[in-house]
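Participant: Got a structure here, written out as structure tokens. Questions coming.
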Amino acid sequence: MAAATALALLSPAAAAGARTAEAGIRKEQRWVFDALNIERAWESTKGAGITVALLDSRVRPSLKELKGRVIEGPDLSGFFYGDLESPVGEHGTQMASLIAGSGEDGALSGVAPEARILSIPVAVDLDGNMILPGGGADAELARAIRYAVNNGASVIVVPGGRYGAQRVAGDAVAYALARGVPVVAAVGDDGDTEASREQGTSYWRFPAGYSGVIGVGAVDREGKAASFTSDNMSVLVSAPGVDVPVAKAEGGYGRVTSTDAAAALVGGVVALIRARYPALRPELISQALTSSTRRRPAAGYDERLGFGVVDARAAMDRAAELVGHRASMPVEDGHRFGDRPPMDAPPRPGPDPFRMWAYGTGVALGLAAFTGGVIVLMRRSERR
């Protein structure tokens with residue numbers, strides 16, 4: 001309705017142009033949604049009630065695709081000049097639109113259009129260039145993760161990343177996973193760098209490289225691994241990451257090519273799973289994603305594609321099967337392995353009669369020898 005009212009205030013030509021742009025963006029999104037089988041997943045849920053924490057640059061909450069669905073968290077970007085906050089970022093806004101764009105009135109839709117975004121700035125986006133804080137960057141990331149967990153986030157998405165593992169950030173990831181909050185992160189865009197070609201593998205980026213994190217690589221329209229996607233064992237699954245349509249911070253639409261975009265899309269899929277199955281553990285969500293992929297590599301796993309391209313509907317179905325999974329099964333009294341009769345219970349611990357006799361005899365003989373020796377010495381002394 002808001003978009004329709006705005007269009008009514010425009011001139012006929014401008015309104016027609018706006019409608020054409022909105023219709024065009026939904027058409028451009030078609031291949032992304034088809035690749036991920038999103039609309040079939042929407043038959044179960046669109047993410048209502050789920051909060052996705054986005055650790056990126058600041059999100060523009062007034063954007064029509066995000067209006068009324070952005071919660072602003074603390075600024076952990078390191079951009080502190082007096083009382084100023086970090087500026088609204090293009091990158092963070094684009095990623096938010098991929099996760100939770102409303103899609104109302106033909107505008108761009110996110111994968112989980114009824115979810116909310118908890119925006120926690122951990123980077124500054126100036127003129128399209130992402131600037132990460134120095135020195136305590138890993139500490140800021142750790143603080144952001146813990147803040148998200150403690151403030152109602154059901155999913156954490158980290159489109160960016162840093163090289164090198166740090167204990168403080170790894171502990172924060174473990175904190176999130178232990179409390180049932182899955183973490184989704186981009187694996188990086190280093191696949192076609194000279195270093196990657198020389199070494200045959202890409203440098204790991206974190207938090208994607210931490211154990212338990214859903215690391216996401218990028219594929220193109222044909223479902224093939226993008227040339228730039230990092231290739232290493234941090235890649236768990238893949239998603240579209242080449243010319244992906246996004247909403248821009250200043251309005252209008254653009255395209256993004258990166259594993260960041262792929263991670264945002266998968267973050268939206270995880271939000272759908274959490275909305276339908278809120279108690280499903282992070283490790284089981286990962287299993288639901290990896291065991292239901294499309295374009296699965298012939299060997300089952302590939303360092304560029306991971307276990308394949310995410311299929312949102314199939315992942316939802318697999319999640320339904322995993323809901324009843326238990327880490328251990330109770331064993332009724334009297335049940336045991338094997339068909340032989342049970343063995344007698346071991347004897348209760350206590351003194352060994354033979355050992356006690358041998359010990360006592362040894363002590364007595366020792367005392368007798370000692371006493372005898374004393375008597376002999378005393379008699380010799382008297383004779384002298």
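Order determines the names: the first chain of the structure tokens is A, the second B, and so forth; residues in each chain are numbered 1 upward, and ligands are numbered 1 upward as they are shown.
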So which bits of region 99-281 of chain A end up alpha helix (DSSP H) when you DSSP the backbone, as a compact mmCIF listing (two decimals) with C-alpha atoms, in the first residue's frame?
Facilitator:
```txt
# COMPACT_ATOMS: atom_id res chain seq x y z
CA ILE A 99 17.69 -11.91 3.48
CA ALA A 100 14.47 -10.11 4.38
CA ALA A 137 38.56 -6.53 14.92
CA ASP A 138 38.16 -10.07 16.18
CA ALA A 139 37.10 -8.81 19.60
CA GLU A 140 34.44 -6.64 17.96
CA LEU A 141 33.21 -9.60 15.91
CA ALA A 142 33.06 -11.69 19.08
CA ARG A 143 31.10 -8.98 20.89
CA ALA A 144 28.68 -8.73 17.98
CA ILE A 145 28.06 -12.48 17.95
CA ARG A 146 27.44 -12.61 21.68
CA TYR A 147 25.18 -9.56 21.52
CA ALA A 148 23.13 -11.20 18.77
CA VAL A 149 22.72 -14.41 20.76
CA ASN A 150 21.74 -12.56 23.93
CA ARG A 167 40.44 -17.63 19.95
CA VAL A 168 38.15 -14.80 21.07
CA ALA A 169 36.08 -15.02 17.87
CA GLY A 170 36.14 -18.82 17.84
CA ASP A 171 34.85 -18.89 21.42
CA ALA A 172 32.03 -16.53 20.46
CA VAL A 173 31.01 -18.83 17.60
CA ALA A 174 31.02 -21.78 20.00
CA TYR A 175 28.89 -19.70 22.40
CA ALA A 176 26.31 -19.15 19.67
CA LEU A 177 26.21 -22.78 18.54
CA ALA A 178 25.93 -24.07 22.10
CA GLU A 194 47.52 -15.58 -7.99
CA ALA A 195 48.22 -17.05 -4.55
CA SER A 196 45.28 -19.47 -4.83
CA ARG A 197 46.36 -20.59 -8.30
CA GLU A 198 49.93 -21.18 -7.17
CA GLN A 199 48.98 -23.07 -4.02
CA THR A 259 30.25 -15.09 -1.88
CA ASP A 260 28.82 -12.46 0.50
CA ALA A 261 25.60 -12.47 -1.54
CA ALA A 262 25.54 -16.27 -1.54
CA ALA A 263 25.91 -16.32 2.25
CA ALA A 264 23.05 -13.83 2.69
CA LEU A 265 20.78 -16.02 0.56
CA VAL A 266 21.64 -19.13 2.55
CA GLY A 267 21.11 -17.15 5.74
CA GLY A 268 17.58 -16.53 4.52
CA VAL A 269 17.07 -20.26 3.91
CA VAL A 270 18.26 -21.02 7.44
CA ALA A 271 15.77 -18.43 8.71
CA LEU A 272 12.98 -20.34 6.95
CA ILE A 273 14.09 -23.57 8.61
CA ARG A 274 14.24 -21.92 12.03
CA ALA A 275 10.77 -20.43 11.54
CA ARG A 276 9.30 -23.86 10.81
```
Participant: I want to know what sits within 8 Å of Tyr203 (chain A), based on only C-alpha atoms, with residues of the same chain fewer than 2 positions away left out; could you give that as JSON, numbers by chain?
Facilitator: {"A": [163, 190, 196, 201, 205, 230, 232]}
Participant: Those selected residues, please, written with C-alpha atoms and delivered as a short mmCIF file (atom, residue, chain, number, x, y, z; two decimals), in the first residue's frame.
Facilitator:
```
data_model
loop_
_atom_site.label_atom_id
_atom_site.label_comp_id
_atom_site.auth_asym_id
_atom_site.auth_seq_id
_atom_site.Cartn_x
_atom_site.Cartn_y
_atom_site.Cartn_z
CA TYR A 163 42.00 -13.95 7.58
CA ASP A 190 39.99 -15.51 -3.41
CA SER A 196 45.28 -19.47 -4.83
CA THR A 201 43.81 -23.73 -2.59
CA ARG A 205 38.50 -16.75 5.90
CA SER A 230 37.44 -19.56 -2.46
CA ASN A 232 39.08 -24.96 0.69
#
```
Participant: One number please: CA of Val184 (chain A) to CA of Ser211 (chain A), in Å, one decimal.
Facilitator: 11.5 Å
